[in-house]
$ cat my_file_6.txt   # compact mmCIF, C-alpha atoms
# COMPACT_ATOMS: atom_id res chain seq x y z
CA MET A 1 24.04 34.15 53.62
CA LYS A 2 21.80 33.26 50.68
CA LEU A 3 18.28 32.38 51.83
CA ILE A 4 15.41 30.81 49.89
CA ILE A 5 11.90 31.60 51.15
CA ALA A 6 9.33 29.24 49.62
CA GLY A 7 5.77 30.51 49.71
CA ALA A 8 7.07 34.07 49.82
CA THR A 9 3.72 35.75 49.10
CA GLY A 10 1.78 33.92 51.80
CA LEU A 11 0.72 35.25 55.19
CA LEU A 12 3.94 34.18 56.92
CA GLY A 13 6.19 34.27 53.86
CA THR A 14 5.67 38.00 53.32
CA GLU A 15 6.72 38.76 56.89
CA ILE A 16 9.80 36.54 56.59
CA VAL A 17 10.78 38.34 53.40
CA ARG A 18 10.27 41.75 55.01
CA GLN A 19 12.40 40.91 58.04
CA SER A 20 15.09 39.07 56.06
CA LEU A 21 15.78 42.15 53.95
CA GLN A 22 16.63 44.06 57.13
CA ILE A 23 19.09 41.50 58.49
CA ARG A 24 22.74 42.25 57.75
CA GLU A 25 23.87 38.60 57.79
CA ILE A 26 21.49 37.78 54.94
CA THR A 27 23.04 39.00 51.70
CA GLN A 28 20.66 37.40 49.15
CA VAL A 29 16.97 36.54 49.39
CA VAL A 30 15.35 34.27 46.81
CA ALA A 31 11.60 34.72 47.18
CA LEU A 32 9.93 31.69 45.60
CA ALA A 33 6.22 32.03 44.82
CA ARG A 34 3.58 31.65 42.13
CA LYS A 35 3.34 35.41 41.75
CA PRO A 36 5.80 38.29 42.15
CA VAL A 37 6.55 39.54 45.64
CA GLU A 38 5.13 42.99 46.34
CA LEU A 39 6.77 45.08 49.03
CA ASP A 40 6.19 48.50 50.51
CA GLU A 41 8.27 51.09 48.66
CA SER A 42 9.97 52.05 51.92
CA ILE A 43 11.68 48.63 52.10
CA ASP A 44 15.10 48.28 50.49
CA SER A 45 14.69 45.32 48.12
CA SER A 46 18.18 45.40 46.61
CA LYS A 47 18.94 41.94 48.10
CA LEU A 48 15.71 40.42 46.80
CA LYS A 49 15.30 38.11 43.82
CA SER A 50 11.64 37.32 43.14
CA VAL A 51 11.38 33.92 41.42
CA VAL A 52 7.97 33.04 40.00
CA ILE A 53 7.04 29.42 39.29
CA ARG A 54 3.89 27.88 37.87
CA ASP A 55 3.73 25.12 40.45
CA TYR A 56 5.73 24.13 43.54
CA GLY A 57 6.17 20.69 42.04
CA GLU A 58 7.96 21.88 38.87
CA TYR A 59 11.43 23.47 38.74
CA PRO A 60 12.84 24.43 35.33
CA ASP A 61 16.61 24.76 34.95
CA ASP A 62 16.49 28.56 35.12
CA VAL A 63 14.73 28.37 38.49
CA LYS A 64 17.19 25.78 39.82
CA ALA A 65 20.01 28.10 38.82
CA GLU A 66 18.67 30.69 41.28
CA PHE A 67 19.02 28.12 44.10
CA ALA A 68 22.74 27.51 43.55
CA GLY A 69 24.89 28.27 46.57
CA ALA A 70 21.96 28.76 48.95
CA ASP A 71 22.74 28.40 52.64
CA ALA A 72 19.20 27.79 53.83
CA CYS A 73 15.54 27.50 52.94
CA ILE A 74 12.43 28.32 54.94
CA TRP A 75 9.59 26.27 53.47
CA THR A 76 6.12 27.71 54.24
CA VAL A 77 4.17 26.06 51.39
CA ALA A 78 1.11 24.13 52.61
CA VAL A 79 -2.67 23.91 52.52
CA THR A 80 -3.71 25.40 55.84
CA PRO A 81 -6.24 23.54 58.05
CA PHE A 82 -8.99 26.06 57.33
CA ARG A 83 -8.61 25.66 53.55
CA THR A 84 -8.59 21.87 53.35
CA GLY A 85 -12.29 21.83 52.54
CA SER A 86 -11.56 23.61 49.25
CA PHE A 87 -9.32 20.82 47.92
CA ASP A 88 -9.65 17.08 47.46
CA PHE A 89 -7.32 14.90 49.46
CA ASP A 90 -4.94 14.06 46.61
CA GLU A 91 -4.26 17.75 46.02
CA VAL A 92 -3.69 18.44 49.72
CA LYS A 93 -1.20 15.56 49.85
CA ARG A 94 0.51 16.76 46.67
CA VAL A 95 0.96 20.32 47.92
CA CYS A 96 1.97 19.49 51.49
CA GLN A 97 4.05 16.39 50.92
CA ASP A 98 5.05 15.85 47.30
CA CYS A 99 5.89 19.49 46.59
CA THR A 100 8.01 19.69 49.74
CA ARG A 101 10.17 16.81 48.55
CA LEU A 102 10.39 18.06 44.97
CA GLY A 103 11.31 21.56 46.14
CA PHE A 104 14.01 20.25 48.45
CA GLU A 105 15.43 17.98 45.75
CA ALA A 106 15.55 20.87 43.25
CA MET A 107 17.50 22.98 45.75
CA TYR A 108 19.92 20.16 46.52
CA GLU A 109 20.49 19.40 42.85
CA ALA A 110 21.35 23.08 42.31
CA GLY A 111 24.36 22.74 44.59
CA PRO A 112 23.71 24.44 47.95
CA ALA A 113 26.25 25.49 50.53
CA ARG A 114 27.30 23.07 53.26
CA PRO A 115 25.61 22.84 55.61
CA PHE A 116 22.30 23.49 53.89
CA ARG A 117 19.65 24.27 56.49
CA PHE A 118 16.05 23.37 55.64
CA MET A 119 13.34 24.78 57.92
CA TYR A 120 9.91 23.21 57.44
CA LEU A 121 6.80 24.96 58.80
CA SER A 122 4.35 22.44 60.19
CA ALA A 123 1.62 22.85 62.82
CA ASP A 124 1.28 22.61 66.59
CA GLY A 125 0.38 19.21 67.95
CA THR A 126 1.45 17.11 64.97
CA PRO A 127 2.23 13.68 66.51
CA ARG A 128 5.27 11.66 65.52
CA ASP A 129 3.24 8.51 66.16
CA PRO A 130 0.38 8.40 63.64
CA THR A 131 -1.52 5.95 65.85
CA LYS A 132 -1.96 8.68 68.48
CA LYS A 133 -4.67 11.11 67.49
CA PRO A 134 -4.45 14.68 68.90
CA VAL A 135 -7.47 16.31 70.48
CA ILE A 136 -7.45 19.58 68.50
CA MET A 137 -7.57 19.57 64.67
CA ALA A 138 -6.42 15.96 64.75
CA ASP A 139 -7.23 15.20 61.12
CA TYR A 140 -5.11 18.01 59.71
CA GLN A 141 -2.20 17.54 62.08
CA ILE A 142 -1.50 13.90 61.29
CA MET A 143 -1.67 14.89 57.61
CA ARG A 144 1.92 16.26 57.66
CA TYR A 145 3.51 13.10 59.27
CA THR A 146 1.40 9.87 57.50
CA LEU A 147 -2.32 8.81 55.13
CA ASP A 148 -5.86 7.49 55.47
CA LEU A 149 -9.32 8.53 54.21
CA THR A 150 -11.40 11.67 54.70
CA LEU A 151 -10.21 14.10 57.37
CA MET A 152 -8.30 11.46 59.29
CA SER A 153 -6.07 10.97 56.27
CA LEU A 154 -5.13 14.66 56.39
CA LEU A 155 -3.66 14.13 59.82
CA VAL A 156 -1.74 11.08 58.62
CA ASN A 157 -0.32 12.99 55.63
CA GLN A 158 0.85 15.83 57.86
CA CYS A 159 2.60 13.23 59.96
CA ASN A 160 4.20 11.61 56.91
CA THR A 161 5.59 14.90 55.65
CA GLU A 162 7.42 15.58 58.90
CA LEU A 163 8.87 12.07 58.90
CA MET A 164 9.95 12.59 55.30
CA VAL A 165 11.70 15.87 56.10
CA LEU A 166 13.48 14.32 59.08
CA LYS A 167 15.06 11.79 56.71
CA PHE A 168 16.57 14.41 54.42
CA PRO A 169 19.90 14.54 56.33
CA ILE A 170 20.16 10.75 56.08
CA GLU A 171 19.53 10.78 52.34
CA LYS A 172 21.62 13.84 51.46
CA GLU A 173 25.04 14.80 52.75
CA GLY A 174 25.51 18.21 54.36
CA VAL A 175 21.83 18.82 55.12
CA GLU A 176 20.39 19.99 58.43
CA VAL A 177 16.64 20.11 59.05
CA CYS A 178 14.32 21.63 61.60
CA ILE A 179 10.54 21.43 61.91
CA ALA A 180 8.68 24.38 63.39
CA GLN A 181 5.29 23.61 64.92
CA PRO A 182 3.58 26.96 65.57
CA GLY A 183 0.08 27.26 66.96
CA VAL A 184 -2.36 29.82 65.63
CA ILE A 185 -0.46 32.59 63.81
CA ALA A 186 -1.90 35.88 65.06
CA ASN A 187 -1.50 39.00 62.96
CA SER A 188 -3.20 42.27 62.02
CA THR A 189 -3.42 42.12 58.24
CA THR A 190 -7.22 42.44 58.25
CA TRP A 191 -9.73 43.76 60.79
CA SER A 192 -10.87 40.24 61.67
CA ARG A 193 -7.32 39.00 62.12
CA ALA A 194 -6.49 42.10 64.14
CA LEU A 195 -9.40 41.30 66.44
CA VAL A 196 -8.20 37.74 66.95
CA ALA A 197 -4.64 38.92 67.50
CA ASN A 198 -5.77 41.39 70.17
CA ILE A 199 -7.81 38.69 71.91
CA PHE A 200 -4.75 36.46 72.05
CA ARG A 201 -2.65 39.33 73.42
CA VAL A 202 -5.09 39.70 76.32
CA VAL A 203 -5.32 35.96 76.94
CA ASN A 204 -1.54 35.59 76.76
CA VAL A 205 -1.14 37.83 79.79
CA PHE A 206 -2.35 34.84 81.80
CA GLY A 207 -0.27 32.30 79.87
CA ARG A 208 -0.90 30.63 76.51
CA PRO A 209 -3.69 28.11 77.06
CA PHE A 210 -4.24 28.09 73.30
CA PRO A 211 -0.88 27.82 71.51
CA ASN A 212 -0.42 30.94 69.41
CA VAL A 213 2.39 33.10 68.11
CA GLN A 214 2.50 36.56 66.61
CA ARG A 215 3.45 36.54 62.93
CA SER A 216 6.42 38.83 63.60
CA GLU A 217 7.62 36.54 66.41
CA LEU A 218 7.41 33.45 64.23
CA ALA A 219 9.27 35.09 61.34
CA ALA A 220 12.00 36.33 63.67
CA ALA A 221 12.34 32.89 65.26
CA VAL A 222 12.77 30.90 62.05
CA LEU A 223 15.15 33.48 60.60
CA ASN A 224 17.25 33.33 63.76
CA GLN A 225 17.46 29.56 63.49
CA VAL A 226 18.55 29.36 59.86
CA ILE A 227 21.21 32.00 60.50
CA ASP A 228 22.61 30.79 63.83
CA GLY A 229 21.88 27.06 63.53
CA PHE A 230 19.04 24.88 64.71
CA GLU A 231 18.56 24.72 68.44
CA LYS A 232 16.86 21.35 68.12
CA GLU A 233 15.12 19.15 65.58
CA THR A 234 11.60 20.27 66.43
CA LEU A 235 10.63 23.73 67.67
CA LEU A 236 7.32 23.82 69.52
CA ASN A 237 5.11 26.90 69.79
CA ALA A 238 6.66 27.88 73.14
CA ASP A 239 10.14 27.64 71.62
CA LEU A 240 9.15 29.82 68.68
CA VAL A 241 7.60 32.47 70.96
CA ARG A 242 10.72 32.51 73.15
CA LEU A 243 13.14 32.75 70.24
CA GLY A 244 11.05 35.29 68.36
CA GLN A 245 10.53 37.61 71.30
CA ARG A 246 14.20 37.47 72.22
CA LYS A 247 15.29 38.31 68.69
CA LEU A 248 12.77 41.13 68.25
CA GLU A 249 13.79 42.65 71.58
CA PHE A 250 17.46 42.44 70.58
CA ARG A 251 16.80 44.16 67.24
CA SER A 252 14.77 46.85 68.96
CA SER A 253 17.53 47.55 71.49
CA THR A 254 20.27 47.74 68.84
CA GLN A 255 18.22 50.05 66.61
CA ALA A 256 17.27 52.42 69.40
CA PRO A 257 18.85 55.91 69.11
$ encode --input "my_file_6.txt" --output "structure tokens"
Amino acid sequence: MKLIIAGATGLLGTEIVRQSLQIREITQVVALARKPVELDESIDSSKLKSVVIRDYGEYPDDVKAEFAGADACIWTVAVTPFRTGSFDFDEVKRVCQDCTRLGFEAMYEAGPARPFRFMYLSADGTPRDPTKKPVIMADYQIMRYTLDLTLMSLLVNQCNTELMVLKFPIEKEGVEVCIAQPGVIANSTTWSRALVANIFRVVNVFGRPFPNVQRSELAAAVLNQVIDGFEKETLLNADLVRLGQRKLEFRSSTQAP
């Protein structure tokens, strides 16, 4: 399998790259990012092709050539909810919505395998009806499925992007899509994130009142889905936790001495 990972140097993208290089079924990894991928020297990177682009909305012919024959793409490129204040609305829309379409079209034009599986990373709680406003982070969540003004328009844009992705199989033959809607991604890359991750681990003993998923679980879940096929059109946080934990436990058991 040839896999494209878009946003390969981001928080989630780096973990997806790391895990993908250890999966036998994946024979080629195209790591798409605006800077080279840096990996620990202990990781075998012989399957990795780091492709650097200036912008996720521009794909020169030499970059498209790297997409040829790809079996799947995991698209993690977005402006996260906590960073929206650093960008004006037009830029948030461009990155989250326009770049997603342009990236997909560049991959399709390159001549992917059939089926070509496109996994889009969205956010927990994004409604499919833009008239229904979620309670938590409503303005950002509608942003990847429709479009308005101020923070409310972020929620609408989120909504629009999901709707756009869901139409890809109708517009292009041989395409399968899945939207992952994780909650808070917990990880230990910094001391502050480690603290939050540990708090969630304690809280999760009593259930998951606040949707959250460990970064390793989320990476394992989306990789499992692009390899084995999409379980359903939209994977909620609980689905991602279930799939990720199951896959990590399986890997652990098969690698045990």
$ closest_residue --input "my_file_6.txt" --among "A:Ala123, A:Ala106, A:Leu163, A:Ala72" --to "Gly57 of chain A" --atoms "only C-alpha atoms"
A:Ala106
$ atom_distance --input "my_file_6.txt" --atom1 "atom CA of Ile74 of chain A" --atom2 "atom CA of Glu41 of chain A"
24.0 Å
$ closest_residue --input "my_file_6.txt" --among "A:Asp239, A:Asp124, A:Glu233, A:Glu25" --to "Asp71 of chain A" --atoms "only C-alpha atoms"
A:Glu25
$ atom_distance --input "my_file_6.txt" --atom1 "atom CA of Leu32 of chain A" --atom2 "atom CA of Ser50 of chain A"
6.4 Å
$ atom_distance --input "my_file_6.txt" --atom1 "atom CA of Val226 of chain A" --atom2 "atom CA of Ala113 of chain A"
12.7 Å
$ residues_near_point --input "my_file_6.txt" --point "(13.3, 27.7, 67.9)" --cutoff "7 Å" --atoms "all atoms listed in the file" --output "list in words"
Ala221, Val222, Gln225, Glu231, Leu235, Asp239, Leu240 and Leu243 of chain A
$ closest_residue --input "my_file_6.txt" --among "A:Gly103, A:Pro115, A:Pro169, A:Gly125" --to "Ile227 of chain A" --atoms "all atoms listed in the file"
A:Pro115
$ closest_residue --input "my_file_6.txt" --among "A:Asp90, A:Phe210, A:Ala220, A:Ser122" --to "Leu21 of chain A" --atoms "all atoms listed in the file"
A:Ala220
$ residues_around --input "my_file_6.txt" --residues "Pro182 of chain A" --least-positions-apart "2" --cutoff "12 Å" --atoms "all atoms listed in the file" --output "ChimeraX atom specification"
/A:12,76,120-126,141,179-180,184-186,210-215,217-219,221-222,234-242,244
$ write_last_selection --input "my_file_6.txt" --atoms "C-alpha atoms" --output "PDB file, in the coordinates of the input"
ATOM      1  CA  LEU A  12       3.940  34.180  56.920  1.00  0.00           C
ATOM      2  CA  THR A  76       6.120  27.710  54.240  1.00  0.00           C
ATOM      3  CA  TYR A 120       9.910  23.210  57.440  1.00  0.00           C
ATOM      4  CA  LEU A 121       6.800  24.960  58.800  1.00  0.00           C
ATOM      5  CA  SER A 122       4.350  22.440  60.190  1.00  0.00           C
ATOM      6  CA  ALA A 123       1.620  22.850  62.820  1.00  0.00           C
ATOM      7  CA  ASP A 124       1.280  22.610  66.590  1.00  0.00           C
ATOM      8  CA  GLY A 125       0.380  19.210  67.950  1.00  0.00           C
ATOM      9  CA  THR A 126       1.450  17.110  64.970  1.00  0.00           C
ATOM     10  CA  GLN A 141      -2.200  17.540  62.080  1.00  0.00           C
ATOM     11  CA  ILE A 179      10.540  21.430  61.910  1.00  0.00           C
ATOM     12  CA  ALA A 180       8.680  24.380  63.390  1.00  0.00           C
ATOM     13  CA  VAL A 184      -2.360  29.820  65.630  1.00  0.00           C
ATOM     14  CA  ILE A 185      -0.460  32.590  63.810  1.00  0.00           C
ATOM     15  CA  ALA A 186      -1.900  35.880  65.060  1.00  0.00           C
ATOM     16  CA  PHE A 210      -4.240  28.090  73.300  1.00  0.00           C
ATOM     17  CA  PRO A 211      -0.880  27.820  71.510  1.00  0.00           C
ATOM     18  CA  ASN A 212      -0.420  30.940  69.410  1.00  0.00           C
ATOM     19  CA  VAL A 213       2.390  33.100  68.110  1.00  0.00           C
ATOM     20  CA  GLN A 214       2.500  36.560  66.610  1.00  0.00           C
ATOM     21  CA  ARG A 215       3.450  36.540  62.930  1.00  0.00           C
ATOM     22  CA  GLU A 217       7.620  36.540  66.410  1.00  0.00           C
ATOM     23  CA  LEU A 218       7.410  33.450  64.230  1.00  0.00           C
ATOM     24  CA  ALA A 219       9.270  35.090  61.340  1.00  0.00           C
ATOM     25  CA  ALA A 221      12.340  32.890  65.260  1.00  0.00           C
ATOM     26  CA  VAL A 222      12.770  30.900  62.050  1.00  0.00           C
ATOM     27  CA  THR A 234      11.600  20.270  66.430  1.00  0.00           C
ATOM     28  CA  LEU A 235      10.630  23.730  67.670  1.00  0.00           C
ATOM     29  CA  LEU A 236       7.320  23.820  69.520  1.00  0.00           C
ATOM     30  CA  ASN A 237       5.110  26.900  69.790  1.00  0.00           C
ATOM     31  CA  ALA A 238       6.660  27.880  73.140  1.00  0.00           C
ATOM     32  CA  ASP A 239      10.140  27.640  71.620  1.00  0.00           C
ATOM     33  CA  LEU A 240       9.150  29.820  68.680  1.00  0.00           C
ATOM     34  CA  VAL A 241       7.600  32.470  70.960  1.00  0.00           C
ATOM     35  CA  ARG A 242      10.720  32.510  73.150  1.00  0.00           C
ATOM     36  CA  GLY A 244      11.050  35.290  68.360  1.00  0.00           C
TER      37      GLY A 244
END
$ residues_around --input "my_file_6.txt" --residues "Leu39 of chain A" --least-positions-apart "3" --cutoff "8 Å" --atoms "all atoms listed in the file" --output "list in words"
Arg18, Ile43 and Ser45 of chain A
$ residues_near_point --input "my_file_6.txt" --point "(18.9, 26.5, 47.1)" --cutoff "10 Å" --atoms "only C-alpha atoms" --output "number ranges by chain"
A: 2-5, 30, 63-73, 103-113, 116-118
$ write_last_selection --input "my_file_6.txt" --atoms "C-alpha atoms" --output "short mmCIF file (atom, residue, chain, number, x, y, z; two decimals), in the coordinates of the input"
data_model
loop_
_atom_site.label_atom_id
_atom_site.label_comp_id
_atom_site.auth_asym_id
_atom_site.auth_seq_id
_atom_site.Cartn_x
_atom_site.Cartn_y
_atom_site.Cartn_z
CA LYS A 2 21.80 33.26 50.68
CA LEU A 3 18.28 32.38 51.83
CA ILE A 4 15.41 30.81 49.89
CA ILE A 5 11.90 31.60 51.15
CA VAL A 30 15.35 34.27 46.81
CA VAL A 63 14.73 28.37 38.49
CA LYS A 64 17.19 25.78 39.82
CA ALA A 65 20.01 28.10 38.82
CA GLU A 66 18.67 30.69 41.28
CA PHE A 67 19.02 28.12 44.10
CA ALA A 68 22.74 27.51 43.55
CA GLY A 69 24.89 28.27 46.57
CA ALA A 70 21.96 28.76 48.95
CA ASP A 71 22.74 28.40 52.64
CA ALA A 72 19.20 27.79 53.83
CA CYS A 73 15.54 27.50 52.94
CA GLY A 103 11.31 21.56 46.14
CA PHE A 104 14.01 20.25 48.45
CA GLU A 105 15.43 17.98 45.75
CA ALA A 106 15.55 20.87 43.25
CA MET A 107 17.50 22.98 45.75
CA TYR A 108 19.92 20.16 46.52
CA GLU A 109 20.49 19.40 42.85
CA ALA A 110 21.35 23.08 42.31
CA GLY A 111 24.36 22.74 44.59
CA PRO A 112 23.71 24.44 47.95
CA ALA A 113 26.25 25.49 50.53
CA PHE A 116 22.30 23.49 53.89
CA ARG A 117 19.65 24.27 56.49
CA PHE A 118 16.05 23.37 55.64
#
$ closest_residue --input "my_file_6.txt" --among "A:Leu223, A:Ala78, A:Ile23, A:Leu248" --to "Val92 of chain A" --atoms "all atoms listed in the file"
A:Ala78
$ residues_around --input "my_file_6.txt" --residues "Arg54 of chain A" --least-positions-apart "4" --cutoff "12 Å" --atoms "only C-alpha atoms" --output "PyMOL selection string"
chain A and resi 32-36+58-60+63
